[in-house]
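Participant: For reference, the file start_27.csv (CSV, C-alpha atoms and all ligand atoms) is included below:
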chain,number,residue,atom,x,y,z
A,5,MET,CA,-12.9,18.1,-10.2
A,6,GLU,CA,-10.6,21.0,-9.7
A,7,TYR,CA,-7.0,20.7,-10.8
A,8,ARG,CA,-4.0,22.5,-9.4
A,9,LYS,CA,-0.5,23.1,-10.5
A,10,LEU,CA,2.1,21.1,-8.5
A,11,GLY,CA,4.8,23.6,-7.5
A,12,LYS,CA,7.0,24.5,-10.4
A,13,THR,CA,6.2,21.3,-12.4
A,14,ASP,CA,4.0,21.2,-15.4
A,15,LEU,CA,1.7,18.7,-13.7
A,16,ASN,CA,-1.9,19.8,-13.0
A,17,VAL,CA,-3.1,17.4,-10.3
A,18,SER,CA,-6.6,16.7,-9.2
A,19,ARG,CA,-7.3,18.4,-5.8
A,20,LEU,CA,-8.4,15.0,-4.5
A,21,SER,CA,-6.2,12.1,-5.6
A,22,TYR,CA,-5.9,8.4,-5.1
A,23,GLY,CA,-3.5,6.7,-2.7
A,24,ALA,CA,-3.1,3.0,-3.6
A,25,SER,CA,-1.8,1.6,-0.3
A,26,PRO,CA,-5.2,-0.1,0.5
A,27,LEU,CA,-4.6,-2.1,-2.7
A,28,GLY,CA,-1.9,-3.9,-0.7
A,29,SER,CA,-4.4,-4.9,1.9
A,30,VAL,CA,-2.7,-2.7,4.5
A,31,PHE,CA,-5.9,-1.7,6.3
A,32,ARG,CA,-7.9,-4.9,5.8
A,33,ASP,CA,-8.0,-7.8,3.4
A,34,ILE,CA,-9.4,-6.5,0.2
A,35,SER,CA,-11.1,-7.9,-2.9
A,36,GLU,CA,-8.8,-7.4,-5.9
A,37,ASP,CA,-11.8,-6.8,-8.1
A,38,ASP,CA,-13.2,-4.1,-5.8
A,39,GLY,CA,-9.7,-2.5,-5.7
A,40,ILE,CA,-9.5,-2.4,-9.5
A,41,LYS,CA,-13.0,-1.0,-9.8
A,42,THR,CA,-12.1,1.7,-7.2
A,43,VAL,CA,-9.1,2.8,-9.4
A,44,HIS,CA,-11.3,2.9,-12.5
A,45,THR,CA,-14.0,4.8,-10.8
A,46,ALA,CA,-11.5,7.4,-9.4
A,47,ILE,CA,-10.1,8.0,-12.9
A,48,ASP,CA,-13.6,8.1,-14.5
A,49,MET,CA,-14.6,10.8,-12.0
A,50,GLY,CA,-11.6,13.0,-12.7
A,51,VAL,CA,-8.9,11.9,-10.3
A,52,ASN,CA,-5.6,12.0,-12.2
A,53,LEU,CA,-2.9,11.5,-9.6
A,54,ILE,CA,-2.2,8.0,-8.3
A,55,ASP,CA,0.4,7.3,-5.6
A,56,VAL,CA,1.8,3.9,-4.7
A,57,SER,CA,5.0,2.3,-3.3
A,58,PRO,CA,6.8,-1.0,-3.4
A,59,TYR,CA,6.3,-1.0,0.4
A,60,TYR,CA,2.5,-1.2,0.3
A,61,GLY,CA,1.5,-4.8,0.9
A,62,LEU,CA,5.2,-5.7,0.2
A,63,THR,CA,4.7,-5.1,-3.6
A,64,LYS,CA,1.1,-6.2,-3.7
A,65,ALA,CA,-0.3,-2.7,-4.1
A,66,GLU,CA,1.9,-2.0,-7.2
A,67,THR,CA,0.9,-5.4,-8.7
A,68,VAL,CA,-2.8,-4.8,-8.2
A,69,LEU,CA,-2.5,-1.2,-9.5
A,70,GLY,CA,-0.6,-2.5,-12.5
A,71,LYS,CA,-3.6,-4.7,-13.3
A,72,ALA,CA,-6.0,-1.8,-12.8
A,73,LEU,CA,-4.0,0.5,-15.1
A,74,LYS,CA,-3.7,-2.1,-17.9
A,75,GLY,CA,-5.4,-0.6,-21.1
A,76,ILE,CA,-5.9,2.9,-19.6
A,77,PRO,CA,-4.2,5.5,-21.8
A,78,ARG,CA,-1.0,6.7,-20.1
A,79,ASP,CA,-2.0,10.4,-20.4
A,80,LYS,CA,-5.1,9.8,-18.3
A,81,TYR,CA,-3.1,9.6,-15.1
A,82,ILE,CA,-0.1,11.0,-13.3
A,83,LEU,CA,1.7,8.2,-11.4
A,84,SER,CA,4.0,8.4,-8.5
A,85,THR,CA,5.9,5.6,-6.7
A,86,LYS,CA,8.7,5.5,-4.2
A,87,ALA,CA,12.0,3.9,-3.4
A,88,GLY,CA,14.0,3.2,-0.2
A,89,ARG,CA,11.4,1.6,2.0
A,90,TYR,CA,10.6,-2.1,1.7
A,91,GLY,CA,9.2,-3.1,5.1
A,92,ALA,CA,8.5,-2.0,8.6
A,93,GLU,CA,11.9,-2.6,10.2
A,94,TYR,CA,15.0,-0.3,10.0
A,95,SER,CA,16.7,-3.1,8.2
A,96,ASP,CA,14.0,-2.9,5.4
A,97,PHE,CA,15.2,0.5,4.3
A,98,ASP,CA,17.9,0.9,1.6
A,99,PHE,CA,18.6,4.4,0.2
A,100,SER,CA,21.7,3.3,-1.8
A,101,GLU,CA,21.9,4.3,-5.4
A,102,LYS,CA,22.1,0.7,-6.5
A,103,ARG,CA,18.9,-0.3,-4.8
A,104,ILE,CA,17.0,2.9,-5.9
A,105,ARG,CA,17.8,2.1,-9.5
A,106,SER,CA,16.8,-1.6,-9.2
A,107,SER,CA,13.7,-0.6,-7.2
A,108,LEU,CA,12.5,1.8,-9.9
A,109,ASP,CA,12.9,-0.9,-12.6
A,110,GLU,CA,11.0,-3.4,-10.5
A,111,SER,CA,8.2,-0.9,-9.8
A,112,LEU,CA,7.9,-0.1,-13.6
A,113,SER,CA,7.6,-3.8,-14.4
A,114,ARG,CA,4.9,-4.4,-11.7
A,115,LEU,CA,3.0,-1.3,-12.8
A,116,GLY,CA,3.3,-2.2,-16.5
A,117,VAL,CA,4.4,1.3,-17.5
A,118,ASP,CA,7.5,2.8,-19.1
A,119,GLY,CA,8.0,5.5,-16.6
A,120,VAL,CA,6.6,7.3,-13.6
A,121,ASP,CA,5.9,11.0,-13.3
A,122,ILE,CA,7.2,11.4,-9.8
A,123,LEU,CA,9.7,9.2,-7.9
A,124,PHE,CA,9.9,9.8,-4.1
A,125,LEU,CA,12.4,8.7,-1.5
A,126,HIS,CA,10.0,6.9,0.9
A,127,ASP,CA,10.1,8.0,4.6
A,128,ILE,CA,13.5,9.5,4.7
A,129,GLU,CA,13.4,9.8,8.5
A,130,PHE,CA,14.3,6.1,8.6
A,131,GLY,CA,17.5,6.9,6.7
A,132,HIS,CA,20.7,8.6,7.7
A,133,LEU,CA,20.6,12.1,6.3
A,134,GLY,CA,24.2,11.9,5.1
A,135,GLN,CA,23.2,9.1,2.7
A,136,ILE,CA,19.9,10.7,1.8
A,137,PHE,CA,21.6,14.0,0.8
A,138,ASP,CA,24.9,12.7,-0.6
A,139,GLU,CA,23.7,9.5,-2.4
A,140,ALA,CA,20.0,9.1,-2.7
A,141,LEU,CA,18.9,12.5,-3.8
A,142,PRO,CA,21.8,12.8,-6.3
A,143,CYS,CA,20.6,9.4,-7.7
A,144,LEU,CA,17.1,10.8,-8.1
A,145,GLN,CA,18.5,13.9,-9.9
A,146,ALA,CA,20.5,11.6,-12.2
A,147,LEU,CA,17.4,9.5,-13.0
A,148,LYS,CA,15.6,12.8,-13.8
A,149,GLN,CA,18.4,13.9,-16.1
A,150,GLU,CA,18.4,10.4,-17.8
A,151,GLY,CA,14.6,10.9,-18.4
A,152,LYS,CA,13.7,7.9,-16.3
A,153,VAL,CA,11.4,9.9,-14.1
A,154,ARG,CA,10.0,13.4,-14.7
A,155,TYR,CA,10.0,14.8,-11.2
A,156,ILE,CA,11.5,13.9,-7.8
A,157,GLY,CA,10.7,14.4,-4.2
A,158,VAL,CA,10.8,13.0,-0.6
A,159,THR,CA,8.1,11.7,1.7
A,160,GLY,CA,8.0,11.4,5.5
A,161,TYR,CA,6.2,12.1,8.7
A,162,PRO,CA,8.4,14.6,10.6
A,163,LEU,CA,8.0,18.1,9.1
A,164,LYS,CA,11.6,18.7,10.0
A,165,MET,CA,12.7,16.4,7.3
A,166,PHE,CA,11.2,18.6,4.6
A,167,SER,CA,12.7,21.8,6.0
A,168,GLU,CA,16.2,20.1,6.1
A,169,THR,CA,15.8,18.7,2.6
A,170,ILE,CA,14.8,21.9,0.8
A,171,LYS,CA,17.8,23.7,2.4
A,172,VAL,CA,20.3,21.4,0.6
A,173,ALA,CA,18.5,19.8,-2.4
A,174,ASP,CA,16.5,20.9,-5.4
A,175,ILE,CA,13.4,18.8,-5.3
A,176,ASP,CA,10.1,19.3,-7.2
A,177,CYS,CA,7.6,18.2,-4.5
A,178,ILE,CA,7.1,16.6,-1.1
A,179,LEU,CA,4.5,14.1,0.0
A,180,THR,CA,3.6,14.7,3.6
A,181,TYR,CA,1.0,12.6,5.5
A,182,CYS,CA,-1.2,13.0,8.6
A,183,ARG,CA,0.0,16.5,9.2
A,184,TYR,CA,-2.8,18.5,7.7
A,185,ALA,CA,-5.9,16.9,9.1
A,186,LEU,CA,-8.5,17.8,11.7
A,187,TYR,CA,-6.4,16.7,14.6
A,188,ASP,CA,-3.1,18.2,13.5
A,189,ASN,CA,-2.6,21.0,11.0
A,190,SER,CA,1.1,21.7,11.7
A,191,LEU,CA,2.0,21.3,8.1
A,192,ALA,CA,0.8,24.9,7.7
A,193,ASN,CA,3.9,26.0,9.7
A,194,ILE,CA,6.3,25.0,6.9
A,195,ILE,CA,4.1,25.9,3.9
A,196,PRO,CA,5.7,29.4,3.4
A,197,ASP,CA,9.2,27.9,3.1
A,198,LEU,CA,8.0,25.3,0.6
A,199,GLU,CA,6.1,27.8,-1.4
A,200,ALA,CA,9.1,30.2,-1.4
A,201,LYS,CA,11.2,27.4,-3.1
A,202,GLY,CA,8.4,26.4,-5.5
A,203,VAL,CA,8.2,22.9,-4.0
A,204,GLY,CA,4.9,21.3,-4.7
A,205,ILE,CA,2.9,20.0,-1.8
A,206,ILE,CA,1.0,16.7,-1.9
A,207,ASN,CA,-0.8,16.0,1.4
A,208,ALA,CA,-1.8,12.4,2.3
A,209,SER,CA,-4.0,10.6,4.8
A,210,PRO,CA,-6.8,13.1,5.4
A,211,THR,CA,-8.4,10.6,7.8
A,212,GLY,CA,-5.0,10.2,9.6
A,213,MET,CA,-4.7,6.6,8.3
A,214,GLY,CA,-8.2,5.7,9.5
A,215,LEU,CA,-8.3,7.7,12.7
A,216,LEU,CA,-11.1,9.8,11.4
A,217,THR,CA,-13.4,7.1,10.1
A,218,ASN,CA,-16.2,5.2,11.7
A,219,ARG,CA,-14.1,2.0,11.6
A,220,GLY,CA,-11.3,3.7,13.5
A,221,ALA,CA,-7.5,3.3,13.1
A,222,PRO,CA,-6.0,-0.1,12.2
A,223,GLU,CA,-4.2,-2.1,15.0
A,224,TRP,CA,-0.7,-1.0,13.7
A,225,HIS,CA,-1.5,2.7,13.9
A,226,PRO,CA,1.4,4.6,15.7
A,227,GLY,CA,-0.8,7.2,17.4
A,228,ASN,CA,-1.2,7.3,21.2
A,229,GLN,CA,-4.2,6.4,23.3
A,230,GLN,CA,-5.1,10.1,24.1
A,231,LEU,CA,-5.3,10.7,20.3
A,232,PHE,CA,-7.4,7.6,19.7
A,233,ASP,CA,-9.8,8.7,22.5
A,234,ALA,CA,-10.1,12.2,21.1
A,235,CYS,CA,-10.8,10.8,17.6
A,236,HIS,CA,-13.4,8.5,19.0
A,237,LYS,CA,-15.1,11.6,20.6
A,238,ALA,CA,-15.0,13.3,17.2
A,239,VAL,CA,-16.6,10.3,15.6
A,240,THR,CA,-19.4,10.4,18.2
A,241,LEU,CA,-19.9,14.1,17.8
A,242,CYS,CA,-20.3,13.8,14.1
A,243,GLN,CA,-22.7,10.8,14.5
A,244,SER,CA,-24.8,12.9,16.9
A,245,GLN,CA,-25.2,15.4,14.0
A,246,GLY,CA,-25.9,12.8,11.4
A,247,VAL,CA,-22.6,13.5,9.7
A,248,ASP,CA,-19.9,11.0,8.5
A,249,ILE,CA,-16.6,12.0,10.2
A,250,THR,CA,-14.8,11.1,7.0
A,251,GLU,CA,-16.7,13.7,5.1
A,252,VAL,CA,-15.6,16.6,7.4
A,253,ALA,CA,-12.1,15.1,7.6
A,254,LEU,CA,-11.7,15.2,3.8
A,255,GLN,CA,-13.2,18.6,3.3
A,256,TYR,CA,-11.0,20.1,6.0
A,257,ALA,CA,-7.8,18.5,4.7
A,258,ILE,CA,-8.3,19.6,1.1
A,259,ASP,CA,-9.1,23.2,2.0
A,260,HIS,CA,-5.7,24.7,2.2
A,261,PRO,CA,-5.0,26.7,-1.0
A,262,ALA,CA,-1.2,25.8,-1.0
A,263,ILE,CA,-1.8,22.1,-1.0
A,264,SER,CA,-2.0,21.0,-4.6
A,265,SER,CA,-3.5,17.6,-4.0
A,266,THR,CA,-4.7,15.4,-1.1
A,267,LEU,CA,-4.3,11.6,-1.4
A,268,VAL,CA,-7.1,9.5,0.1
A,269,GLY,CA,-6.9,5.7,0.1
A,270,THR,CA,-9.7,3.2,-0.3
A,271,ALA,CA,-10.3,-0.1,-2.0
A,272,ASN,CA,-14.1,0.4,-1.8
A,273,PRO,CA,-15.7,1.6,-5.1
A,274,VAL,CA,-18.6,3.0,-3.1
A,275,ASN,CA,-16.4,5.0,-0.8
A,276,ILE,CA,-14.3,6.6,-3.6
A,277,VAL,CA,-17.5,8.0,-5.1
A,278,LYS,CA,-18.5,9.4,-1.7
A,279,ASN,CA,-15.0,10.9,-1.2
A,280,ILE,CA,-15.0,12.6,-4.6
A,281,GLU,CA,-18.6,14.0,-4.1
A,282,TRP,CA,-17.7,15.2,-0.6
A,283,ALA,CA,-14.6,17.0,-1.9
A,284,GLU,CA,-16.9,19.1,-4.1
A,285,LYS,CA,-18.6,20.6,-1.0
A,286,PRO,CA,-17.2,22.9,1.7
A,287,ALA,CA,-16.9,21.7,5.3
A,288,ASN,CA,-19.4,22.8,8.0
A,289,GLN,CA,-17.1,25.3,9.7
A,290,LEU,CA,-18.9,25.2,13.1
A,291,LEU,CA,-18.5,21.4,13.2
A,292,VAL,CA,-14.9,21.8,12.2
A,293,GLN,CA,-14.3,24.2,15.1
A,294,ASP,CA,-16.0,21.9,17.6
A,295,ILE,CA,-13.9,18.9,16.4
A,296,ARG,CA,-10.7,20.9,16.4
A,297,LYS,CA,-11.3,21.8,20.1
A,298,LEU,CA,-11.3,18.1,21.0
A,299,PHE,CA,-7.6,18.0,20.2
A,300,ASP,CA,-6.6,21.2,22.1
A,301,LYS,CA,-4.5,19.5,24.8
A,302,VAL,CA,-3.9,16.1,23.0
A,303,PRO,CA,-0.4,15.1,22.0
A,304,VAL,CA,-1.2,14.6,18.3
A,305,ILE,CA,2.2,13.5,16.9
A,306,TRP,CA,4.0,10.3,17.2
A,307,PRO,CA,7.6,9.2,16.8
A,308,SER,CA,8.8,8.1,13.4
A,309,GLY,CA,12.3,7.2,12.3
A,310,TYR,CA,15.7,7.9,14.0
A,311,PRO,CA,15.4,10.1,17.1
A,312,GLU,CA,17.5,12.8,15.6
A,313,ASN,CA,15.1,13.0,12.6
A,314,GLN,CA,11.9,13.3,14.7
A,315,ASP,CA,9.8,16.4,15.4
A,316,VAL,CA,9.2,17.5,18.9
A,317,GLN,CA,5.7,17.8,20.2
A,318,VAL,CA,5.0,21.5,21.2
A,401,LIG,P1,-6.2,7.8,4.6
A,401,LIG,O1,-6.3,8.9,5.6
A,401,LIG,O2,-6.5,8.1,3.2
A,401,LIG,O3,-7.2,6.7,5.1
A,401,LIG,C1,-7.4,5.5,4.5
A,401,LIG,C2,-8.4,4.8,5.4
A,401,LIG,O4,-9.6,5.5,5.3
A,401,LIG,C3,-8.7,3.4,4.9
A,401,LIG,O5,-8.9,2.5,6.0
A,401,LIG,C4,-10.0,3.5,4.1
A,401,LIG,O6,-10.7,2.4,4.0
A,401,LIG,C5,-10.7,4.6,4.9
A,401,LIG,N1,-11.6,5.4,4.1
A,401,LIG,C6,-11.4,6.1,2.9
A,401,LIG,N2,-12.5,6.6,2.5
A,401,LIG,C7,-13.5,6.3,3.3
A,401,LIG,C8,-14.9,6.5,3.4
A,401,LIG,N3,-15.5,7.3,2.5
A,401,LIG,N4,-15.6,6.0,4.4
A,401,LIG,C9,-15.0,5.2,5.4
A,401,LIG,N5,-13.7,5.0,5.4
A,401,LIG,C10,-12.9,5.5,4.4
A,401,LIG,O7,-4.8,7.2,4.7
A,401,LIG,P2,-3.8,6.5,3.7
A,401,LIG,O8,-4.5,5.5,2.8
A,401,LIG,O9,-2.7,6.1,4.5
A,401,LIG,O10,-3.3,7.7,2.9
A,401,LIG,C11,-3.7,7.9,1.5
A,401,LIG,C12,-2.5,7.6,0.6
A,401,LIG,O11,-1.4,8.5,0.8
A,401,LIG,C13,-1.8,6.2,0.8
A,401,LIG,O12,-2.6,5.2,0.1
A,401,LIG,C14,-0.5,6.5,0.1
A,401,LIG,O13,-0.6,6.5,-1.3
A,401,LIG,C15,-0.2,7.9,0.6
A,401,LIG,N6,0.6,7.9,1.8
A,401,LIG,C16,2.0,8.0,1.7
A,401,LIG,C17,2.8,8.0,2.8
A,401,LIG,C18,4.2,8.1,2.7
A,401,LIG,O14,4.7,8.3,1.6
A,401,LIG,N7,5.0,8.0,3.8
A,401,LIG,C19,2.2,7.8,4.1
A,401,LIG,C20,0.8,7.7,4.2
A,401,LIG,C21,0.0,7.8,3.0
Translate this structure into C-alpha cells?
Ligand code: NAD
Facilitator:
Amino acid sequence: MEYRKLGKTDLNVSRLSYGASPLGSVFRDISEDDGIKTVHTAIDMGVNLIDVSPYYGLTKAETVLGKALKGIPRDKYILSTKAGRYGAEYSDFDFSEKRIRSSLDESLSRLGVDGVDILFLHDIEFGHLGQIFDEALPCLQALKQEGKVRYIGVTGYPLKMFSETIKVADIDCILTYCRYALYDNSLANIIPDLEAKGVGIINASPTGMGLLTNRGAPEWHPGNQQLFDACHKAVTLCQSQGVDITEVALQYAIDHPAISSTLVGTANPVNIVKNIEWAEKPANQLLVQDIRKLFDKVPVIWPSGYPENQDVQV
C-alpha cells in the first residue's frame, strides 16, 4: 500500500481508504460480522484511514465501527468523523456550536475512542454559509486548539463550497465525493487552488455511490436517468471485455497525484480484498477512454443543498 501526506498535516494516509457508510446498511442490509471482518481486513492489508459519520445509518455505522475497532491499537488507524448532518431532510442539519460539540462527544462514545484525527462539517451545502463560516468553522478551530481533534475540514458535493470555504477559513483538508470518477472528473478544476493553500484532498465514492458497479446505484441515488443509462452502458462495455467495472472505476479515481486518499465503501470482506488488490494495478487506459466517451454529452451532476450553494452543470 502506498501512503501519501495529507496536505500540510502530519498524516500519511493510505492511497486507498475505507469509508464506513455501508456499515450503517445504507446500500443494503448488511451482516454486522461481515462488516467487522471487512474493517479488520482493510487494516490488515494496510488501509490506515477510516471515515464515518453519525449520519450513516443514523448512528449505526459509528456503532458497528466502534465494535470493529475495539482492541485495535489506536496508532494503527487514522479516524475521521463528521458533525452537522443527522438525516436526509433540511431539518436534520444542525451546524450550531452547541450541537457540533455534543455530536463529537456522542461520536467518540459510539466509536470507543478518546479522539478523532479529523473532524469534518458534513455536507455544508445544506447549511447557511453565514453560520458555517461564522459559527461552525470557528467551533472546529476551537476544538482543534483544545486538542479534541487534530485536524479539521469540510465535506460536500458542490465544488463551489470548497472554493468558497478556502477563501475565508483555514482548514486542513476537504472530503469531496463523486467528483473524481469515470463519469465526472471536475474536481480537477479546483485542485490547483486547494494545493496552493496546502489543503489536503480526500476523494470519496470512486464508484459514484454504486453507479459504477454491477449491482448499480441504490434506489435513493440522486443522479438522473441519462447518467444511470450511461453507467449501465459502461457496465455492459466492461462486461464485454471480461472486466469488472468497479476495478476500472477504482483505478481511475485513485490515479490523480494530488488526491492523497480515495475512500471506498463496502461491508463485504471479499470485495475489500479485491479493491485493495485492484488499487495496486494501473487502469487499462484504452478502456478508460472508451468509458469516458460514454459520458460526453450526459449531465453528470445533480442538485445538492440550497440552490445558492449548488454547482451549475456546464
Ligand atoms: P463508493 O463509490 O465507495 O461505493 C460504495 C458501493 O460500491 C457500495 O454499494 C459497495 O457495496 C460497492 N462496492 C464497493 N466495492 C465493490 C466491489 N469490489 N465490487 C462490487 N461492489 C463494490 O461510495 P460510498 O460508500 O458512498 O463512498 C465511500 C465513503 O466515502 C463512504 O463510506 C463515506 O465514508 C465517504 N463519503 C462521504 C461523503 C460526505 O462526506 N458527504 C459522501 C459520500 C461518501
Participant: Work out how far apart atom CA of A:Ala140 and atom CA of A:Lys171 are and give it in Å to one decimal.
Facilitator: 15.6 Å
Participant: Work out how far atom CA of A:Asn193 is from atom CA of A:Leu298, in Å to one decimal.
Facilitator: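 Straight-line distance from atom CA of A:Leu298 to atom CA of A:Asn193 works out to 20.5 Å.
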Participant: Fewer than 4 positions away in the same chain doesn't count, so skip those; otherwise give me all residues within 9 Å of A:Asp118, counting all atoms listed in the file, as a list in words.
Facilitator: Leu112, Ser113 and Lys152 of chain A
Participant: Just want the 12 Å neighbourhood of A:Val277, counted on only C-alpha atoms, with same-chain residues fewer than 2 positions away dropped. Output as a list of chain:residue names.
Facilitator: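 Everything that qualifies: A:Leu20, A:Tyr22, A:Lys41, A:Thr42, A:Val43, A:His44, A:Thr45, A:Ala46, A:Ile47, A:Asp48, A:Met49, A:Gly50, A:Val51, A:Glu251, A:Val268, A:Thr270, A:Ala271, A:Asn272, A:Pro273, A:Val274, A:Asn275, A:Asn279, A:Ile280, A:Glu281, A:Trp282, A:Ala283, A:Glu284.
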Participant: I need the chosen residues saved as a CSV table (one decimal), in the frame of the given file, with C-alpha atoms.
Facilitator:
chain,number,residue,atom,x,y,z
A,20,LEU,CA,-8.4,15.0,-4.5
A,22,TYR,CA,-5.9,8.4,-5.1
A,41,LYS,CA,-13.0,-1.0,-9.8
A,42,THR,CA,-12.1,1.7,-7.2
A,43,VAL,CA,-9.1,2.8,-9.4
A,44,HIS,CA,-11.3,2.9,-12.5
A,45,THR,CA,-14.0,4.8,-10.8
A,46,ALA,CA,-11.5,7.4,-9.4
A,47,ILE,CA,-10.1,8.0,-12.9
A,48,ASP,CA,-13.6,8.1,-14.5
A,49,MET,CA,-14.6,10.8,-12.0
A,50,GLY,CA,-11.6,13.0,-12.7
A,51,VAL,CA,-8.9,11.9,-10.3
A,251,GLU,CA,-16.7,13.7,5.1
A,268,VAL,CA,-7.1,9.5,0.1
A,270,THR,CA,-9.7,3.2,-0.3
A,271,ALA,CA,-10.3,-0.1,-2.0
A,272,ASN,CA,-14.1,0.4,-1.8
A,273,PRO,CA,-15.7,1.6,-5.1
A,274,VAL,CA,-18.6,3.0,-3.1
A,275,ASN,CA,-16.4,5.0,-0.8
A,279,ASN,CA,-15.0,10.9,-1.2
A,280,ILE,CA,-15.0,12.6,-4.6
A,281,GLU,CA,-18.6,14.0,-4.1
A,282,TRP,CA,-17.7,15.2,-0.6
A,283,ALA,CA,-14.6,17.0,-1.9
A,284,GLU,CA,-16.9,19.1,-4.1
Participant: Within 12 Å of A:Asp300, counting all atoms listed in the file, which residues qualify if same-chain residues fewer than 3 places away don't, as a PyMOL selection string?
Facilitator: chain A and resi 186-189+230-231+234+293-297+303-304+318
Participant: Between atom CA of A:Thr250 and atom CA of A:Asp127, what distance in Å does the model show, to one decimal?
Facilitator: 25.2 Å
Participant: Of the residues A:Arg114, A:Lys80, A:Arg183, A:Arg103, which is the one nearest to ligand LIG 401 (chain A), using all atoms listed in the file?
Facilitator: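 Residue with the minimum atom-to-atom distance to ligand LIG 401 (chain A): A:Arg183.
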Participant: Hey, what's within 10 Å of stretch 131-137 of chain A if we count only C-alpha atoms and toss same-chain stuff fewer than 5 positions away? As a PyMOL selection string, please?
Facilitator: chain A and resi 88-89+94+97-101+125-126+142-143+158+165+168-169+172-173+309-310+312-313
Participant: For A:Asp174, list every protein, DNA or RNA residue within 10 Å, evaluated using all atoms listed in the file, and leave out those in the same chain fewer than 5 positions away; present the list as a PyMOL selection string.
Facilitator: chain A and resi 141-142+145+156-157+169+201-203
Participant: Could you tell me which of A:Lys71, A:Lys12, A:His236, A:Arg32 comes closest to ligand LIG 401 (chain A) if we count all atoms listed in the file?
Facilitator: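 That would be A:Arg32, the residue with the smallest distance to ligand LIG 401 (chain A).
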Participant: Please determine, counting all atoms listed in the file, which residue among A:Ala287, A:Leu191, A:Leu69, A:Leu10 has the shortest atom-to-atom distance to A:Ser111.
Facilitator: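 Closest to A:Ser111 of all the choices is A:Leu69.
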Participant: Given the choices A:Gly61, A:Pro286, A:Gly269, A:Pro307, which gets closest to A:Ala92 if the distance is worked out from all atoms listed in the file?
Facilitator: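 Closest candidate: A:Gly61.
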Participant: For A:Gly227, which residue out of A:Asp37, A:Gly212, A:Glu93, A:Val17 is the nearest one, using all atoms listed in the file?
Facilitator: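 Of all the options, A:Gly212 lies closest to A:Gly227.
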Participant: Compare A:Ser35, A:Phe232, A:Val68, A:Asn52 by their minimum atom-to-atom distance to A:Arg8, counting only C-alpha atoms, and give me the closest one.
Facilitator: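 With only C-alpha atoms as the atom set, the closest residue is A:Asn52.
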Participant: Keeping just all heavy atoms, export stretch 168-172 of chain A of this structure as a PDB file, in the first residue's frame.
Facilitator:
ATOM      1  N   GLU A 168     -15.322  28.394  -1.916  1.00  0.00           N
ATOM      2  CA  GLU A 168     -15.759  29.467  -1.009  1.00  0.00           C
ATOM      3  C   GLU A 168     -15.094  29.312   0.359  1.00  0.00           C
ATOM      4  O   GLU A 168     -14.648  30.296   0.954  1.00  0.00           O
ATOM      5  CB  GLU A 168     -17.285  29.418  -0.816  1.00  0.00           C
ATOM      6  CG  GLU A 168     -18.106  29.629  -2.078  1.00  0.00           C
ATOM      7  CD  GLU A 168     -18.051  31.062  -2.583  1.00  0.00           C
ATOM      8  OE1 GLU A 168     -17.995  31.972  -1.768  1.00  0.00           O
ATOM      9  OE2 GLU A 168     -18.030  31.241  -3.825  1.00  0.00           O
ATOM     10  N   THR A 169     -15.033  28.093   0.841  1.00  0.00           N
ATOM     11  CA  THR A 169     -14.512  27.873   2.200  1.00  0.00           C
ATOM     12  C   THR A 169     -13.035  28.252   2.295  1.00  0.00           C
ATOM     13  O   THR A 169     -12.634  28.928   3.250  1.00  0.00           O
ATOM     14  CB  THR A 169     -14.699  26.394   2.621  1.00  0.00           C
ATOM     15  OG1 THR A 169     -16.083  26.073   2.547  1.00  0.00           O
ATOM     16  CG2 THR A 169     -14.200  26.156   4.037  1.00  0.00           C
ATOM     17  N   ILE A 170     -12.239  27.825   1.313  1.00  0.00           N
ATOM     18  CA  ILE A 170     -10.800  28.100   1.471  1.00  0.00           C
ATOM     19  C   ILE A 170     -10.457  29.577   1.273  1.00  0.00           C
ATOM     20  O   ILE A 170      -9.377  30.007   1.636  1.00  0.00           O
ATOM     21  CB  ILE A 170      -9.921  27.197   0.560  1.00  0.00           C
ATOM     22  CG1 ILE A 170     -10.205  27.416  -0.922  1.00  0.00           C
ATOM     23  CG2 ILE A 170     -10.079  25.730   0.966  1.00  0.00           C
ATOM     24  CD1 ILE A 170      -9.202  26.718  -1.841  1.00  0.00           C
ATOM     25  N   LYS A 171     -11.435  30.346   0.762  1.00  0.00           N
ATOM     26  CA  LYS A 171     -11.201  31.800   0.668  1.00  0.00           C
ATOM     27  C   LYS A 171     -11.237  32.434   2.050  1.00  0.00           C
ATOM     28  O   LYS A 171     -10.572  33.414   2.316  1.00  0.00           O
ATOM     29  CB  LYS A 171     -12.314  32.446  -0.173  1.00  0.00           C
ATOM     30  CG  LYS A 171     -12.017  32.490  -1.657  1.00  0.00           C
ATOM     31  CD  LYS A 171     -13.090  33.329  -2.351  1.00  0.00           C
ATOM     32  CE  LYS A 171     -13.468  32.706  -3.671  1.00  0.00           C
ATOM     33  NZ  LYS A 171     -14.800  33.015  -4.131  1.00  0.00           N
ATOM     34  N   VAL A 172     -12.092  31.880   2.938  1.00  0.00           N
ATOM     35  CA  VAL A 172     -12.323  32.570   4.216  1.00  0.00           C
ATOM     36  C   VAL A 172     -11.838  31.808   5.447  1.00  0.00           C
ATOM     37  O   VAL A 172     -11.745  32.385   6.523  1.00  0.00           O
ATOM     38  CB  VAL A 172     -13.834  32.878   4.408  1.00  0.00           C
ATOM     39  CG1 VAL A 172     -14.334  33.815   3.335  1.00  0.00           C
ATOM     40  CG2 VAL A 172     -14.685  31.614   4.431  1.00  0.00           C
TER      41      VAL A 172
END
